[in-house]
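Chemist: Let me begin by handing over the structure; questions about it come next.
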Amino acid sequence: MTDYDSDDLLLDEEGDDVRSGQAGLSESEDEDMAVMDEVGLEDDFDDELSDGEEEDRMDSPAEVGIIEEMTLENFMSHQHFHLKFDENVNFIVGENGSGKSAILVGILVGLGASAKASQRGMRIGDLVREGSNFAKVIIKLRNRGTGAYQPDVYGDSIHVVRQFQKNNQSSYVLKSAGGAVKSTKRSELRRILEHMNIQIDNPCAIMTQETSKRFLKSTSPKDRFKLFLEGTQLQLLYNNYQDTNDQMKTMAEVIASKNDILVDMKREVDDLQRQYDERKHVKKLKEQLKDLRMDLVWALVLHAEKNLAECTSSYEQYEVLSEKVEKKIIAKQSEQAEIREQLDEKQGKLREVENIGEELRREYNDRTVAYKKHCGREKAAENTIKELRRKIDSRKKRLAKINREIEEMQRKLETDREGELNAARERVSQKEEEVRVASNTLTEIMSEKDKLAKQKSYLQEDSSAMRKDLAHREKDLGRIADEVKHLEQANRNASKLGKFGGDIVRIRTLIDRNQNRFKQVPIGPIGAHLKISDKEWSHTVECFMGKTLFTFIADNLQDARTLRELAGRTDLSIVVQRFRNQPYTNLPRYRTNLPSLLDVLRCDVPMVMNVLIDQRGVERVFLAETFSDGVRALEHDPSIEVRTKELHRMFSKKGTRTTMNLRHHHKQLLTGDSSVVLQNLRMHQERLHHEFEQLKGLYQPKEAEIRVVSAELSKVQREISKTQSKLNTLKRQGKDLQDALDDLVAEAEPQTEGLIEARQQLREEIDEVAAEVGQKEEDFKALQTERQAFTQARVDAREKCEEHGKVQDTATTAVDSIQHALAKAITQEKRAVTRRAEIRDQLRSCKKDVDNATKELEKHITEAKKISPERREPRAKPEVLDKKILSTSKRIQSEEKNHRPLHEIEKELTESKHHLRLVLKEVGKLKMVNKKLEFMLQMRIKFWRKFRQAIAERSNVYFNINMARRNFSGRLDFDFKEQHLHINIHENSTATLLDLEKKKRTKKSAADAAAIDDAQPAMRSLQGLSGGERSYATVSLLLSLWDAIGTPFRAMDEFDVFMDAGNREVAIKLLLEVANEQKGRQFIFISPNENQLVKAKRESGVQMTVHKLLPPRQRQSLVGFASQAV
């Protein structure tokens, strides 16, 4: 530990003579300052300096700490005296003996100073006025603004009342602005003064008459340095540091003595510990044995209690289960009755639907048979035509063969009639060619006719499908128009059901108006009670729910019948299920991470969600973002069903995965409100209308095309008739030519008559068959026309069967669902009955176990209380404790010997250890405190030196500024080592010293420094000045020190006592100018000279208040004073 004597604490380590503020810190101080930066103290120091500067620069009246009023009663020469102070400059004037100096004494004493500090008495009773037994000083301090002291307690001002007796007894009273007493403690007054920074012990802040005279007359540099330390509170800090150093020395001596004691105490504790360790083993064994026996008996009790608790818990659980099973059996029996009623109703409807379906199927079969028969007749006619054409072809081949034979015979004839025969043959060949061309033309026209007939048939089928599609779309447009109308009406009525259509709104209104007709008011539609938590799944969920969103829920069959009767609709979707207010909880878990429909659906009625679970199985339907996600989910758990955003439906059936791509119009029934649904419905209506117009635009050209094809078919038919007539004419002409040729040939060659006759016969047969073909073709055309009617009738019958098949499938599905529910309810009832029998057997067994466990517990408790009345928590099981008790008893018997009683050793050891710990703790705290004090003292001394340096530099600057007002330049030389303060003055150099000081700080070389020293003016010490100039310089010094003091008010008594008229006038002007620059401070000056104050005020223009006290002769008859604001 470092000891600090008085020199170490006060002097700089280098012993620098500080003149113009250029003293620096040593390297060790820089290191210590770095440490203080870590602690954060240097920042606080700099903040305090900057705060002080800002405070001094305030140009508005002070709000905290200035004296507003003062009252003196029986104090010194005043019997009753009251004075109201100006908030900035106050001059108190009067003749000698008028009591001016008593005012400053009253301020000191009233704010807690002793009589000795006022230099007007040794004891407080000396200040009581002659002839009185007590005196009172009342001071009103301003307490406003953000820096006020407890404004909620004291208000805008604090009244300090000090009353003291002739016998030196003194008391304090602190009052609020309203006069209420808030405290009578001097410590509270000290806190107030500290908060407002009022320094009553600072001789520079409140300079009494004796202090002023001593300060103004003093020429000793040491006295001035002492005043500098006291006025800036540096001496107070130094004294505190010296006291701390003394305390640290004392603490070090205490620590050394304590260390000596600790050695003996540790030796004594070690000896006792050795004795105790030798004996504590047996004691621990006995205590362990006792604890083990108590643990054993209560372990048996605990075991019995656990057994009883288990038996009781089992019995209670089985009782609860029994009640639940009974309720479940009753519920399932009731559910079966309701399901059977539903099943009977659904089966009756199914039979009716099946009968209608059977009739429709018979009608379709009959039309199919008729269609097939007609197709058979058409096919037979077509085959007949083909057979006849084959006959014609065969006969034509035979005819060509005969013609070749005749030609061969005729080539042999080279007679005179050869030319005539050739000409006849040429005509016959030409006519045959014409017949062939006409036949080919007729064949082509017949082929074109067939094509046109088929095209017409196809166009008629397309036209028929378009007509049906147009009819359906027109029907949809009408339905959507009705929905738009109902939605608009619902929006006007602010109905949330509007988006489900007008009919649903009507049915819901009827339900609400006829609630008394139902045992339980039906719920619905289901979609009105559902919401989607994630809108991106809305289309997928609506596609899955479908018509279920429009379904109502009835509690029983009677309510369902009543609802259908009110709705007037037999096709209204109603689910009959007993109402249950609690949602299902024991739902199965599936092996997938996909969200289920239950996760995205939000329902405000639990019964709706129960119905969706029972009827639609929503708990096993999961949602997948993509098709591949759905496939993976099905691979992990084939029992689930997956729906994707692309409206795929995926499920597994008998080990086979099935995928269906669905189509669904998104109506936004679960996400949008009725206005949004209305907007979407209108958009859908516009889209349907646009599609209707497009289809209508396609249908009309199709009809026109049918008309064009029909016209072309008629034209072709006419061409066929014309060509057939032409062909018949050509055939007749060819026959006539052939007959003429035959006659010529017959004349030339009678041997060809047989062939000619055969040829003629073949030609006749060909003509007959051709005529028959024409008739058969006419019949075939009629059959084709009739086939269209049969086809249309068959298509109509098939559509009716398909539509009715959907109705039958729906009814069958409903019956299957009810039958499944009935079978499920019967199975559950059987299981519940079996479970009830099992539970009853378990109840009887548990009852016996409870009785036996109760008796056993009572027995063990009785035995345990005999050994240990208080219950214990055993640390092991009974069998383990038995083994430990046996082994511990044996060890105690073998180790028992005669020794000093263990409890005596233990008691003495405990006391010694406790005392040792206290001493160790005390020494540790003392060392820690001493170490911290040593470190903090070193740091604070360095800060003290830094602070002293800053104040010295600042005072030097302001001193030179004040001296410049008198056409002097001055400098304060601080010798911190010798503790001297020298004042040096130079005349007629207003800014020379300041400029030289600035140049010194920026000097670059030794030559520059020498030039600056040569340029300095010759200085004079304070002894070389006149008395007035010396007083002025001393006042300037005081003002420069005042600038470093942050007190709210400053006071000085008889500052001009040693000045002549000229210096007094300049000094007053100086005081007024300083006060005017510091309007945030209050100044109180006491002077016997009044005339020069008026003149100074008039010339400076500074606002001030002059308080003039009555002369002593008038105060003998008058109480108080006269004050005049100049």
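All residue names refer to the structure tokens as shown: chains lettered A, B, ... in order, residues numbered from 1 in each chain, ligands numbered from 1 in order.
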Which polymer residues have any atom within 7 Å of an atom of segment 556-561 of chain A, counting only C-alpha atoms, with same-chain residues fewer than 5 positions away left out, as a PyMOL selection string?

Modeler: chain A and resi 342+518-519+574+576-578

Chemist: Can you measure atom CA of Lys386 of chain A to atom CA of Lys731 of chain A for me? One decimal in Å is fine.

Modeler: 21.4 Å

Chemist: Given the choices A:Tyr364, A:Asp1053, A:Gly1080, A:Arg224, which gets closest to Val93 of chain A if the distance is worked out from only C-alpha atoms?

Modeler: A:Asp1053

Chemist: Would you list the contacts of segment 173-178 of chain A as a VMD selection string, taking every protein, DNA or RNA residue within 12 Å and counting only C-alpha atoms, but skipping same-chain residues closer than 6 positions in sequence?

Modeler: chain A and resid 68 110 to 112 136 to 144 149 to 164 184 to 192

Chemist: Please provide the set of residues having any atom within 12 Å of segment 462-479 of chain A, restricted to only C-alpha atoms, with same-chain residues fewer than 4 positions apart removed, written as a ChimeraX atom specification.

Modeler: /A:455-458,483-486,501-503,681-707,788,791-792,795-796,799

Chemist: Store the residues of this selection in a file with N, CA and C atoms, as a compact mmCIF listing (two decimals), in the first residue's frame.

Modeler:
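Now in out-v8.txt:
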```
# COMPACT_ATOMS: atom_id res chain seq x y z
N GLN A 455 -72.38 -37.36 -94.68
CA GLN A 455 -72.03 -36.03 -94.15
C GLN A 455 -73.25 -35.38 -93.51
N LYS A 456 -74.39 -35.51 -94.15
CA LYS A 456 -75.63 -34.94 -93.59
C LYS A 456 -75.97 -35.60 -92.27
N SER A 457 -75.78 -36.95 -92.21
CA SER A 457 -76.06 -37.67 -90.96
C SER A 457 -75.15 -37.18 -89.83
N TYR A 458 -73.84 -37.03 -90.18
CA TYR A 458 -72.91 -36.54 -89.15
C TYR A 458 -73.25 -35.12 -88.72
N GLU A 483 -79.56 -16.87 -59.45
CA GLU A 483 -78.63 -16.77 -58.33
C GLU A 483 -78.12 -15.34 -58.16
N VAL A 484 -77.80 -14.68 -59.27
CA VAL A 484 -77.36 -13.27 -59.21
C VAL A 484 -78.45 -12.41 -58.59
N LYS A 485 -79.69 -12.67 -59.02
CA LYS A 485 -80.81 -11.89 -58.47
C LYS A 485 -80.95 -12.10 -56.98
N HIS A 486 -80.84 -13.37 -56.53
CA HIS A 486 -80.96 -13.66 -55.09
C HIS A 486 -79.77 -13.09 -54.32
N GLY A 501 -76.80 -18.82 -52.56
CA GLY A 501 -77.96 -18.78 -53.43
C GLY A 501 -79.23 -18.38 -52.70
N GLY A 502 -80.16 -17.87 -53.49
CA GLY A 502 -81.41 -17.37 -52.90
C GLY A 502 -82.23 -18.45 -52.25
N ASP A 503 -82.21 -19.68 -52.83
CA ASP A 503 -83.03 -20.74 -52.26
C ASP A 503 -82.54 -21.12 -50.86
N LEU A 681 -69.70 -14.74 -59.66
CA LEU A 681 -70.85 -15.32 -60.35
C LEU A 681 -71.18 -14.51 -61.60
N ARG A 682 -71.08 -13.19 -61.48
CA ARG A 682 -71.32 -12.36 -62.67
C ARG A 682 -70.27 -12.61 -63.74
N MET A 683 -69.00 -12.76 -63.29
CA MET A 683 -67.95 -13.08 -64.26
C MET A 683 -68.23 -14.42 -64.93
N HIS A 684 -68.68 -15.41 -64.12
CA HIS A 684 -69.03 -16.72 -64.66
C HIS A 684 -70.21 -16.61 -65.62
N GLN A 685 -71.19 -15.76 -65.26
CA GLN A 685 -72.34 -15.54 -66.12
C GLN A 685 -71.90 -14.93 -67.45
N GLU A 686 -71.01 -13.94 -67.39
CA GLU A 686 -70.52 -13.34 -68.62
C GLU A 686 -69.75 -14.36 -69.46
N ARG A 687 -68.95 -15.20 -68.79
CA ARG A 687 -68.20 -16.21 -69.52
C ARG A 687 -69.15 -17.23 -70.17
N LEU A 688 -70.18 -17.68 -69.42
CA LEU A 688 -71.16 -18.62 -69.99
C LEU A 688 -71.91 -17.99 -71.15
N HIS A 689 -72.28 -16.72 -70.98
CA HIS A 689 -72.99 -16.03 -72.05
C HIS A 689 -72.11 -15.93 -73.29
N HIS A 690 -70.83 -15.63 -73.04
CA HIS A 690 -69.90 -15.56 -74.18
C HIS A 690 -69.76 -16.92 -74.85
N GLU A 691 -69.66 -17.99 -74.05
CA GLU A 691 -69.58 -19.33 -74.62
C GLU A 691 -70.87 -19.70 -75.34
N PHE A 692 -72.03 -19.28 -74.78
CA PHE A 692 -73.33 -19.55 -75.41
C PHE A 692 -73.40 -18.88 -76.78
N GLU A 693 -72.95 -17.61 -76.80
CA GLU A 693 -72.97 -16.90 -78.08
C GLU A 693 -72.00 -17.56 -79.06
N GLN A 694 -70.83 -17.97 -78.57
CA GLN A 694 -69.89 -18.65 -79.47
C GLN A 694 -70.49 -19.94 -80.02
N LEU A 695 -71.11 -20.75 -79.11
CA LEU A 695 -71.72 -22.00 -79.54
C LEU A 695 -72.88 -21.75 -80.50
N LYS A 696 -73.64 -20.69 -80.18
CA LYS A 696 -74.74 -20.33 -81.07
C LYS A 696 -74.21 -19.91 -82.43
N GLY A 697 -73.04 -19.19 -82.38
CA GLY A 697 -72.42 -18.82 -83.65
C GLY A 697 -71.94 -20.03 -84.43
N LEU A 698 -71.52 -21.08 -83.73
CA LEU A 698 -71.11 -22.31 -84.41
C LEU A 698 -72.32 -23.13 -84.88
N TYR A 699 -73.43 -23.07 -84.12
CA TYR A 699 -74.62 -23.87 -84.45
C TYR A 699 -75.29 -23.36 -85.72
N GLN A 700 -75.40 -22.07 -85.85
CA GLN A 700 -76.06 -21.52 -87.03
C GLN A 700 -75.33 -21.87 -88.32
N PRO A 701 -73.99 -21.71 -88.38
CA PRO A 701 -73.31 -22.19 -89.62
C PRO A 701 -73.50 -23.69 -89.86
N LYS A 702 -73.59 -24.43 -88.74
CA LYS A 702 -73.79 -25.87 -88.89
C LYS A 702 -75.14 -26.16 -89.55
N GLU A 703 -76.18 -25.44 -89.11
CA GLU A 703 -77.51 -25.61 -89.72
C GLU A 703 -77.47 -25.18 -91.19
N ALA A 704 -76.75 -24.07 -91.43
CA ALA A 704 -76.65 -23.63 -92.82
C ALA A 704 -75.92 -24.67 -93.66
N GLU A 705 -74.88 -25.26 -93.04
CA GLU A 705 -74.15 -26.29 -93.77
C GLU A 705 -75.04 -27.50 -94.04
N ILE A 706 -75.91 -27.84 -93.07
CA ILE A 706 -76.85 -28.97 -93.29
C ILE A 706 -77.79 -28.64 -94.44
N ARG A 707 -78.24 -27.39 -94.46
CA ARG A 707 -79.14 -27.00 -95.56
C ARG A 707 -78.40 -27.07 -96.90
N GLN A 788 -81.96 -42.93 -88.76
CA GLN A 788 -81.69 -41.72 -87.98
C GLN A 788 -82.71 -41.56 -86.85
N THR A 791 -81.87 -44.08 -84.23
CA THR A 791 -80.66 -43.67 -83.49
C THR A 791 -80.98 -42.60 -82.45
N GLN A 792 -81.77 -41.62 -82.86
CA GLN A 792 -82.12 -40.53 -81.92
C GLN A 792 -82.93 -41.07 -80.75
N VAL A 795 -80.55 -42.86 -78.43
CA VAL A 795 -79.71 -41.91 -77.67
C VAL A 795 -80.50 -41.27 -76.53
N ASP A 796 -81.75 -40.88 -76.82
CA ASP A 796 -82.59 -40.28 -75.77
C ASP A 796 -82.82 -41.26 -74.63
N GLU A 799 -79.59 -41.54 -72.54
CA GLU A 799 -79.37 -40.38 -71.67
C GLU A 799 -80.26 -40.45 -70.45
```

Chemist: Once DSSP has gone over the backbone, tell me which residues of segment 116-226 of chain A are in strand (DSSP E or B), as a ChimeraX atom specification.

Modeler: /A:128,134-143,157-165,170-175,181-183,206-207

Chemist: Would you please work out which residue, of A:Ala876, A:Val89, A:Val929, A:Ile532, is nearest to Asp295 of chain A when using only C-alpha atoms?

Modeler: A:Ala876

Chemist: To one decimal place, how far is atom CA of Ala740 of chain A from atom CA of Leu388 of chain A in Å?

Modeler: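 Separating atom CA of Ala740 of chain A from atom CA of Leu388 of chain A is a distance of 29.0 Å.
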
Chemist: Hey, which of A:Cys311, A:Leu72, A:Ala624, A:Ile385 ends up closest to Asn852 of chain A? Count only C-alpha atoms.

Modeler: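 Closest candidate: A:Cys311.
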
Chemist: Identify, on the basis of only C-alpha atoms, every residue whose closest approach to Gln288 of chain A does not exceed 10 Å; exclude the query and any residue fewer than 4 positions from it along the same chain; express the result as a ChimeraX atom specification.

Modeler: /A:282-284,292-294,884-885,888-889

Chemist: According to DSSP computed on the backbone, where in segment 437-526 of chain A is there helix (DSSP H, G or I)? Give the residues as an MDAnalysis selection string.

Modeler: chainID A and resid 437:492 498:500 502:513 515:517 526

Chemist: Give me, as an MDAnalysis selection string, all polymer residues having an atom no more than 9 Å from segment 770-787 of chain A, counting only C-alpha atoms and skipping those fewer than 2 positions away in the same chain.

Modeler: chainID A and resid 371 374:375 377:379 381:382 384:386 388:389 392 453 765:768 789:792

Chemist: Suppose you want the space between atom CA of Ser1036 of chain A and atom CA of Leu234 of chain A; what is it in Å?

Modeler: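 Separating atom CA of Ser1036 of chain A from atom CA of Leu234 of chain A is a distance of 20.0 Å.
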
Chemist: Using only C-alpha atoms, which protein or nucleic acid residues come within 12 Å of Thr562 of chain A? Drop anything in the same chain fewer than 5 positions from it, and give the result as a list in words.

Modeler: Ile507, Leu510, Ile511, Asn514, Gln515, Asn516, Arg517, Phe518, Lys519, Gln520, Val521, Pro522, Ala554, Asp555, Asn556, Leu557, Ala567, Gly568, Arg569, Thr570, Leu572 and Ile574 of chain A
